[in-house]
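Asks: One file is attached below, coords-v3.pdb, containing PDB, C-alpha atoms.
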```pdb
ATOM      1  CA  MET A  28     105.412 -70.102  77.208  1.00  0.00           C
ATOM      2  CA  ILE A  29     101.851 -70.335  75.842  1.00  0.00           C
ATOM      3  CA  VAL A  30     102.193 -74.098  75.470  1.00  0.00           C
ATOM      4  CA  ARG A  31     103.231 -74.385  79.127  1.00  0.00           C
ATOM      5  CA  ALA A  32     100.267 -72.279  80.215  1.00  0.00           C
ATOM      6  CA  VAL A  33      97.844 -74.412  78.183  1.00  0.00           C
ATOM      7  CA  MET A  34      99.401 -77.614  79.528  1.00  0.00           C
ATOM      8  CA  GLY A  35      99.166 -76.232  83.073  1.00  0.00           C
ATOM      9  CA  LEU A  36      95.469 -75.426  82.622  1.00  0.00           C
ATOM     10  CA  ALA A  37      94.812 -78.872  81.142  1.00  0.00           C
ATOM     11  CA  LEU A  38      96.568 -80.565  84.071  1.00  0.00           C
ATOM     12  CA  ALA A  39      94.656 -78.427  86.575  1.00  0.00           C
ATOM     13  CA  ALA A  40      91.343 -79.313  84.912  1.00  0.00           C
ATOM     14  CA  ALA A  41      92.209 -83.014  84.906  1.00  0.00           C
ATOM     15  CA  ALA A  42      93.232 -82.866  88.569  1.00  0.00           C
ATOM     16  CA  GLY A  43      89.974 -81.071  89.442  1.00  0.00           C
ATOM     17  CA  THR A  44      87.968 -83.766  87.693  1.00  0.00           C
ATOM     18  CA  LEU A  45      89.825 -86.530  89.532  1.00  0.00           C
ATOM     19  CA  VAL A  46      89.340 -84.813  92.886  1.00  0.00           C
ATOM     20  CA  SER A  47      85.602 -84.344  92.271  1.00  0.00           C
ATOM     21  CA  CYS A  48      85.308 -88.031  91.340  1.00  0.00           C
ATOM     22  CA  TYR A  49      87.161 -89.015  94.500  1.00  0.00           C
ATOM     23  CA  ILE A  50      85.065 -86.892  96.877  1.00  0.00           C
ATOM     24  CA  ALA A  51      81.715 -87.622  95.212  1.00  0.00           C
ATOM     25  CA  GLU A  52      79.276 -89.638  97.290  1.00  0.00           C
ATOM     26  CA  THR A  53      78.619 -93.227  96.356  1.00  0.00           C
ATOM     27  CA  PRO A  54      75.411 -93.432  94.281  1.00  0.00           C
ATOM     28  CA  GLY A  55      72.464 -94.048  96.577  1.00  0.00           C
ATOM     29  CA  THR A  56      74.007 -92.291  99.587  1.00  0.00           C
ATOM     30  CA  GLY A  57      73.731 -88.772 100.925  1.00  0.00           C
ATOM     31  CA  SER A  58      70.902 -86.381 101.671  1.00  0.00           C
ATOM     32  CA  ARG A  59      69.624 -86.164  98.100  1.00  0.00           C
ATOM     33  CA  ALA A  60      69.271 -89.931  97.796  1.00  0.00           C
ATOM     34  CA  GLU A  61      67.595 -89.996 101.218  1.00  0.00           C
ATOM     35  CA  THR A  62      65.045 -87.447  99.951  1.00  0.00           C
ATOM     36  CA  GLY A  63      64.160 -89.853  97.147  1.00  0.00           C
ATOM     37  CA  TYR A  64      63.949 -92.858  99.465  1.00  0.00           C
ATOM     38  CA  ARG A  65      61.665 -90.974 101.895  1.00  0.00           C
ATOM     39  CA  ALA A  66      59.376 -89.861  99.058  1.00  0.00           C
ATOM     40  CA  ALA A  67      59.280 -93.401  97.629  1.00  0.00           C
ATOM     41  CA  ALA A  68      58.418 -95.180 100.912  1.00  0.00           C
ATOM     42  CA  PRO A  69      54.677 -94.266 100.947  1.00  0.00           C
ATOM     43  CA  VAL A  70      54.440 -95.039  97.222  1.00  0.00           C
ATOM     44  CA  ILE A  71      55.884 -98.522  97.785  1.00  0.00           C
ATOM     45  CA  THR A  72      53.455 -99.060 100.683  1.00  0.00           C
ATOM     46  CA  ALA A  73      50.550 -97.934  98.473  1.00  0.00           C
ATOM     47  CA  LEU A  74      51.653-100.242  95.646  1.00  0.00           C
ATOM     48  CA  GLU A  75      51.727-103.202  98.020  1.00  0.00           C
ATOM     49  CA  SER A  76      48.305-102.290  99.470  1.00  0.00           C
ATOM     50  CA  PHE A  77      46.855-102.003  95.974  1.00  0.00           C
ATOM     51  CA  HIS A  78      48.315-105.410  95.104  1.00  0.00           C
ATOM     52  CA  ARG A  79      46.882-106.968  98.265  1.00  0.00           C
ATOM     53  CA  ASP A  80      43.399-105.583  97.454  1.00  0.00           C
ATOM     54  CA  HIS A  81      43.341-106.234  93.687  1.00  0.00           C
ATOM     55  CA  ALA A  82      45.755-109.158  93.184  1.00  0.00           C
ATOM     56  CA  ARG A  83      47.674-107.048  90.686  1.00  0.00           C
ATOM     57  CA  TYR A  84      49.827-103.940  90.624  1.00  0.00           C
ATOM     58  CA  PRO A  85      48.417-100.744  89.092  1.00  0.00           C
ATOM     59  CA  ARG A  86      49.123 -99.889  85.456  1.00  0.00           C
ATOM     60  CA  SER A  87      50.389 -96.456  86.551  1.00  0.00           C
ATOM     61  CA  LEU A  88      51.035 -94.566  89.771  1.00  0.00           C
ATOM     62  CA  GLN A  89      48.007 -92.367  89.048  1.00  0.00           C
ATOM     63  CA  GLU A  90      45.821 -95.412  89.650  1.00  0.00           C
ATOM     64  CA  LEU A  91      46.824 -95.211  93.329  1.00  0.00           C
ATOM     65  CA  ALA A  92      45.127 -91.832  93.820  1.00  0.00           C
ATOM     66  CA  PRO A  93      43.062 -90.957  95.731  1.00  0.00           C
ATOM     67  CA  HIS A  94      42.294 -94.196  97.619  1.00  0.00           C
ATOM     68  CA  TYR A  95      45.850 -95.368  98.360  1.00  0.00           C
ATOM     69  CA  LEU A  96      47.830 -92.168  98.015  1.00  0.00           C
ATOM     70  CA  SER A  97      47.221 -88.507  97.291  1.00  0.00           C
ATOM     71  CA  ALA A  98      47.916 -87.464  93.704  1.00  0.00           C
ATOM     72  CA  PRO A  99      50.853 -85.157  94.616  1.00  0.00           C
ATOM     73  CA  ALA A 100      52.567 -88.029  96.457  1.00  0.00           C
ATOM     74  CA  THR A 101      52.744 -89.989  93.190  1.00  0.00           C
ATOM     75  CA  LYS A 102      55.017 -87.282  91.780  1.00  0.00           C
ATOM     76  CA  LEU A 103      58.498 -86.415  92.944  1.00  0.00           C
ATOM     77  CA  GLU A 104      60.128 -83.205  91.861  1.00  0.00           C
ATOM     78  CA  THR A 105      62.579 -81.104  93.812  1.00  0.00           C
ATOM     79  CA  TYR A 106      65.450 -78.982  92.620  1.00  0.00           C
ATOM     80  CA  TYR A 107      67.764 -82.005  92.547  1.00  0.00           C
ATOM     81  CA  VAL A 108      65.509 -85.117  92.741  1.00  0.00           C
ATOM     82  CA  HIS A 109      63.571 -85.721  89.547  1.00  0.00           C
ATOM     83  CA  GLY A 110      60.438 -87.784  89.140  1.00  0.00           C
ATOM     84  CA  PHE A 111      59.409 -91.338  89.783  1.00  0.00           C
ATOM     85  CA  ARG A 112      59.800 -94.030  87.139  1.00  0.00           C
ATOM     86  CA  TYR A 113      57.345 -96.899  87.528  1.00  0.00           C
ATOM     87  CA  ASN A 114      57.675-100.017  85.399  1.00  0.00           C
ATOM     88  CA  LEU A 115      55.243-102.886  85.672  1.00  0.00           C
ATOM     89  CA  ARG A 116      56.883-106.250  84.921  1.00  0.00           C
ATOM     90  CA  GLY A 117      54.313-108.999  85.021  1.00  0.00           C
ATOM     91  CA  GLY A 118      53.783-109.799  88.685  1.00  0.00           C
ATOM     92  CA  SER A 119      56.345-107.285  89.936  1.00  0.00           C
ATOM     93  CA  TYR A 120      57.489-103.695  89.415  1.00  0.00           C
ATOM     94  CA  THR A 121      60.391-101.321  89.702  1.00  0.00           C
ATOM     95  CA  LEU A 122      60.103 -97.821  91.124  1.00  0.00           C
ATOM     96  CA  GLY A 123      62.936 -95.427  90.538  1.00  0.00           C
ATOM     97  CA  PHE A 124      64.069 -91.832  90.736  1.00  0.00           C
ATOM     98  CA  ARG A 125      66.955 -89.728  89.436  1.00  0.00           C
ATOM     99  CA  TYR A 126      68.883 -87.174  91.442  1.00  0.00           C
ATOM    100  CA  ASP A 127      71.746 -84.794  90.812  1.00  0.00           C
ATOM    101  CA  ALA A 128      74.766 -84.601  93.074  1.00  0.00           C
ATOM    102  CA  ALA A 129      78.391 -84.567  91.891  1.00  0.00           C
ATOM    103  CA  ALA A 130      77.083 -87.048  89.304  1.00  0.00           C
ATOM    104  CA  ILE A 131      73.710 -87.933  87.821  1.00  0.00           C
ATOM    105  CA  ASN A 132      72.378 -90.857  89.834  1.00  0.00           C
ATOM    106  CA  ASP A 133      69.558 -93.337  89.265  1.00  0.00           C
ATOM    107  CA  CYS A 134      68.053 -95.437  92.058  1.00  0.00           C
ATOM    108  CA  ASP A 135      65.605 -98.263  91.378  1.00  0.00           C
ATOM    109  CA  TYR A 136      63.601-100.344  93.839  1.00  0.00           C
ATOM    110  CA  ASP A 137      62.808-103.915  92.739  1.00  0.00           C
ATOM    111  CA  SER A 138      59.634-105.361  94.273  1.00  0.00           C
ATOM    112  CA  LYS A 139      60.950-108.920  93.859  1.00  0.00           C
ATOM    113  CA  THR A 140      64.125-108.405  95.867  1.00  0.00           C
ATOM    114  CA  LYS A 141      62.764-105.552  98.037  1.00  0.00           C
ATOM    115  CA  LYS A 142      66.100-103.788  97.498  1.00  0.00           C
ATOM    116  CA  TRP A 143      67.353-100.546  95.997  1.00  0.00           C
ATOM    117  CA  ASP A 144      70.025-100.517  93.297  1.00  0.00           C
ATOM    118  CA  CYS A 145      71.725 -97.218  92.482  1.00  0.00           C
ATOM    119  CA  SER A 146      74.222 -96.157  89.836  1.00  0.00           C
ATOM    120  CA  GLY A 147      75.686 -92.876  88.696  1.00  0.00           C
ATOM    121  CA  TYR A 148      77.629 -91.241  85.913  1.00  0.00           C
ATOM    122  CA  PHE A 149      79.365 -87.934  85.210  1.00  0.00           C
TER     123      PHE A 149
END
```
I need this file expressed as C-alpha coordinates, please.

Replies:
Amino acid sequence: MIVRAVMGLALAAAAGTLVSCYIAETPGTGSRAETGYRAAAPVITALESFHRDHARYPRSLQELAPHYLSAPATKLETYYVHGFRYNLRGGSYTLGFRYDAAAINDCDYDSKTKKWDCSGYF
(Lines of atoms letter the chains of each structure in order from A and count residues from 1; the text may use other names and numbers.)
(Lines give C-alpha, C1' and ligand atoms only; values in the text may rest on other atoms or scores of the structure.)
Protein backbone atom coordinates (compact mmCIF):
# COMPACT_ATOMS: atom_id res chain seq x y z
CA MET A 1 0.00 0.00 0.00
CA ILE A 2 2.76 2.46 0.96
CA VAL A 3 4.83 1.38 -2.03
CA ARG A 4 1.88 2.08 -4.35
CA ALA A 5 1.39 5.52 -2.81
CA VAL A 6 5.08 6.37 -3.22
CA MET A 7 5.07 5.09 -6.81
CA GLY A 8 1.92 7.13 -7.51
CA LEU A 9 3.55 10.30 -6.15
CA ALA A 10 6.71 9.64 -8.17
CA LEU A 11 4.68 9.15 -11.36
CA ALA A 12 2.67 12.31 -10.67
CA ALA A 13 5.87 14.32 -10.13
CA ALA A 14 7.40 12.95 -13.33
CA ALA A 15 4.23 13.74 -15.28
CA GLY A 16 4.19 17.29 -13.86
CA THR A 17 7.78 17.81 -14.94
CA LEU A 18 7.04 16.57 -18.46
CA VAL A 19 3.98 18.79 -18.75
CA SER A 20 5.92 21.87 -17.58
CA CYS A 21 8.64 21.10 -20.14
CA TYR A 22 6.03 20.75 -22.87
CA ILE A 23 4.21 24.01 -22.11
CA ALA A 24 7.34 26.07 -21.43
CA GLU A 25 8.05 28.82 -23.93
CA THR A 26 10.89 28.39 -26.36
CA PRO A 27 13.98 30.22 -25.04
CA GLY A 28 14.04 33.75 -26.43
CA THR A 29 10.25 34.05 -26.74
CA GLY A 30 7.59 35.47 -24.48
CA SER A 31 7.13 38.68 -22.53
CA ARG A 32 10.16 38.21 -20.29
CA ALA A 33 12.51 37.77 -23.24
CA GLU A 34 10.88 40.78 -24.92
CA THR A 35 11.65 42.85 -21.81
CA GLY A 36 15.32 41.96 -22.22
CA TYR A 37 15.33 42.71 -25.95
CA ARG A 38 13.68 46.12 -25.39
CA ALA A 39 16.19 47.02 -22.67
CA ALA A 40 19.10 45.88 -24.86
CA ALA A 41 18.09 47.83 -28.00
CA PRO A 42 19.33 51.28 -26.80
CA VAL A 43 22.51 49.67 -25.44
CA ILE A 44 23.25 48.09 -28.83
CA THR A 45 22.59 51.45 -30.53
CA ALA A 46 24.94 53.17 -28.06
CA LEU A 47 27.65 50.55 -28.62
CA GLU A 48 27.46 51.08 -32.37
CA SER A 49 27.54 54.88 -31.97
CA PHE A 50 30.57 54.61 -29.69
CA HIS A 51 32.29 52.38 -32.26
CA ARG A 52 31.51 54.82 -35.08
CA ASP A 53 32.99 57.73 -33.07
CA HIS A 54 36.05 55.96 -31.60
CA ALA A 55 36.81 53.14 -34.07
CA ARG A 56 36.59 50.67 -31.20
CA TYR A 57 34.01 49.27 -28.82
CA PRO A 58 34.10 50.33 -25.16
CA ARG A 59 35.92 48.20 -22.59
CA SER A 60 32.76 48.15 -20.45
CA LEU A 61 29.17 49.35 -20.66
CA GLN A 62 29.95 52.03 -18.07
CA GLU A 63 32.13 53.73 -20.68
CA LEU A 64 28.93 54.55 -22.59
CA ALA A 65 27.61 56.81 -19.82
CA PRO A 66 26.75 59.63 -19.86
CA HIS A 67 27.45 60.63 -23.48
CA TYR A 68 25.87 57.66 -25.29
CA LEU A 69 23.53 56.29 -22.66
CA SER A 70 22.42 57.09 -19.14
CA ALA A 71 24.11 55.03 -16.43
CA PRO A 72 20.89 53.24 -15.34
CA ALA A 73 20.27 52.11 -18.93
CA THR A 74 23.54 50.15 -18.85
CA LYS A 75 22.08 47.96 -16.11
CA LEU A 76 19.17 45.58 -16.42
CA GLU A 77 17.51 44.18 -13.35
CA THR A 78 13.87 43.27 -12.92
CA TYR A 79 12.28 40.55 -10.86
CA TYR A 80 12.83 38.00 -13.63
CA VAL A 81 15.36 39.56 -16.07
CA HIS A 82 18.87 39.71 -14.64
CA GLY A 83 21.69 41.93 -15.77
CA PHE A 84 23.57 42.55 -18.97
CA ARG A 85 26.68 40.56 -19.86
CA TYR A 86 29.04 42.42 -22.17
CA ASN A 87 32.04 40.66 -23.69
CA LEU A 88 34.47 42.45 -25.95
CA ARG A 89 36.00 40.12 -28.56
CA GLY A 90 38.56 41.97 -30.61
CA GLY A 91 36.61 43.97 -33.17
CA SER A 92 33.21 42.70 -32.04
CA TYR A 93 31.17 42.04 -28.89
CA THR A 94 28.37 40.02 -27.40
CA LEU A 95 25.67 41.49 -25.20
CA GLY A 96 23.52 39.13 -23.22
CA PHE A 97 20.97 38.81 -20.45
CA ARG A 98 19.45 36.04 -18.34
CA TYR A 99 15.79 35.68 -17.50
CA ASP A 100 13.66 33.27 -15.52
CA ALA A 101 10.54 31.68 -16.92
CA ALA A 102 9.67 27.97 -16.70
CA ALA A 103 13.42 27.54 -17.24
CA ILE A 104 16.52 29.68 -16.79
CA ASN A 105 17.23 31.28 -20.15
CA ASP A 106 20.24 33.09 -21.58
CA CYS A 107 20.05 35.33 -24.65
CA ASP A 108 23.15 36.71 -26.36
CA TYR A 109 23.41 39.24 -29.17
CA ASP A 110 26.43 38.86 -31.48
CA SER A 111 27.57 42.10 -33.13
CA LYS A 112 29.11 40.18 -36.05
CA THR A 113 25.92 38.39 -37.07
CA LYS A 114 23.52 41.03 -35.67
CA LYS A 115 21.43 38.15 -34.31
CA TRP A 116 20.22 36.90 -30.95
CA ASP A 117 20.89 33.34 -29.80
CA CYS A 118 18.96 32.02 -26.81
CA SER A 119 19.13 28.80 -24.81
CA GLY A 120 17.55 27.54 -21.63
CA TYR A 121 17.78 24.84 -19.01
CA PHE A 122 15.74 23.54 -16.07

Asks: If we count all atoms listed in the file, what is near stretch 56-58 of chain A at a cut-off of 12 Å, once residues fewer than 2 positions away on the same chain are taken out, given as a PyMOL selection string?

Replies: chain A and resi 51-54+60-65+107-108+126-130+132-134+143-147

Asks: Can you tell me how far atom CA of A:Thr140 sits from atom CA of A:Thr105, in Å to one decimal?

Replies: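 Atom-to-atom, atom CA of A:Thr140 and atom CA of A:Thr105 are spaced 27.4 Å apart.
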
Asks: Step by step, work through what the PyMOL selection byres ((chain A and resi 111-117) around 12) selects in the shown file, and finish by giving those residues as a PyMOL selection string.

Replies: chain A and resi 63-64+66-68+70-71+74+78+82-90+99-105+108-110+118-126+133-139

Asks: Between atom CA of A:Lys142 and atom CA of A:Leu91, what is the distance, to one decimal in Å?

Replies: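 Atom-to-atom, atom CA of A:Lys142 and atom CA of A:Leu91 are spaced 21.5 Å apart.
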
Asks: Calculate, to one decimal in Å, the centre and edge lengths of the box along x, y and z of the file that holds all listed atoms of stretch 131-139 of chain A with 3 Å of margin on each side, and present them as AutoDock Vina command-line options.

Replies:
```
--center_x 66.7 --center_y -98.4 --center_z 91.0 --size_x 20.1 --size_y 27.0 --size_z 12.5
```

Asks: Rounded to one decimal, what separation in Å do you get between atom CA of A:Phe77 and atom CA of A:Arg59?

Replies: 27.8 Å
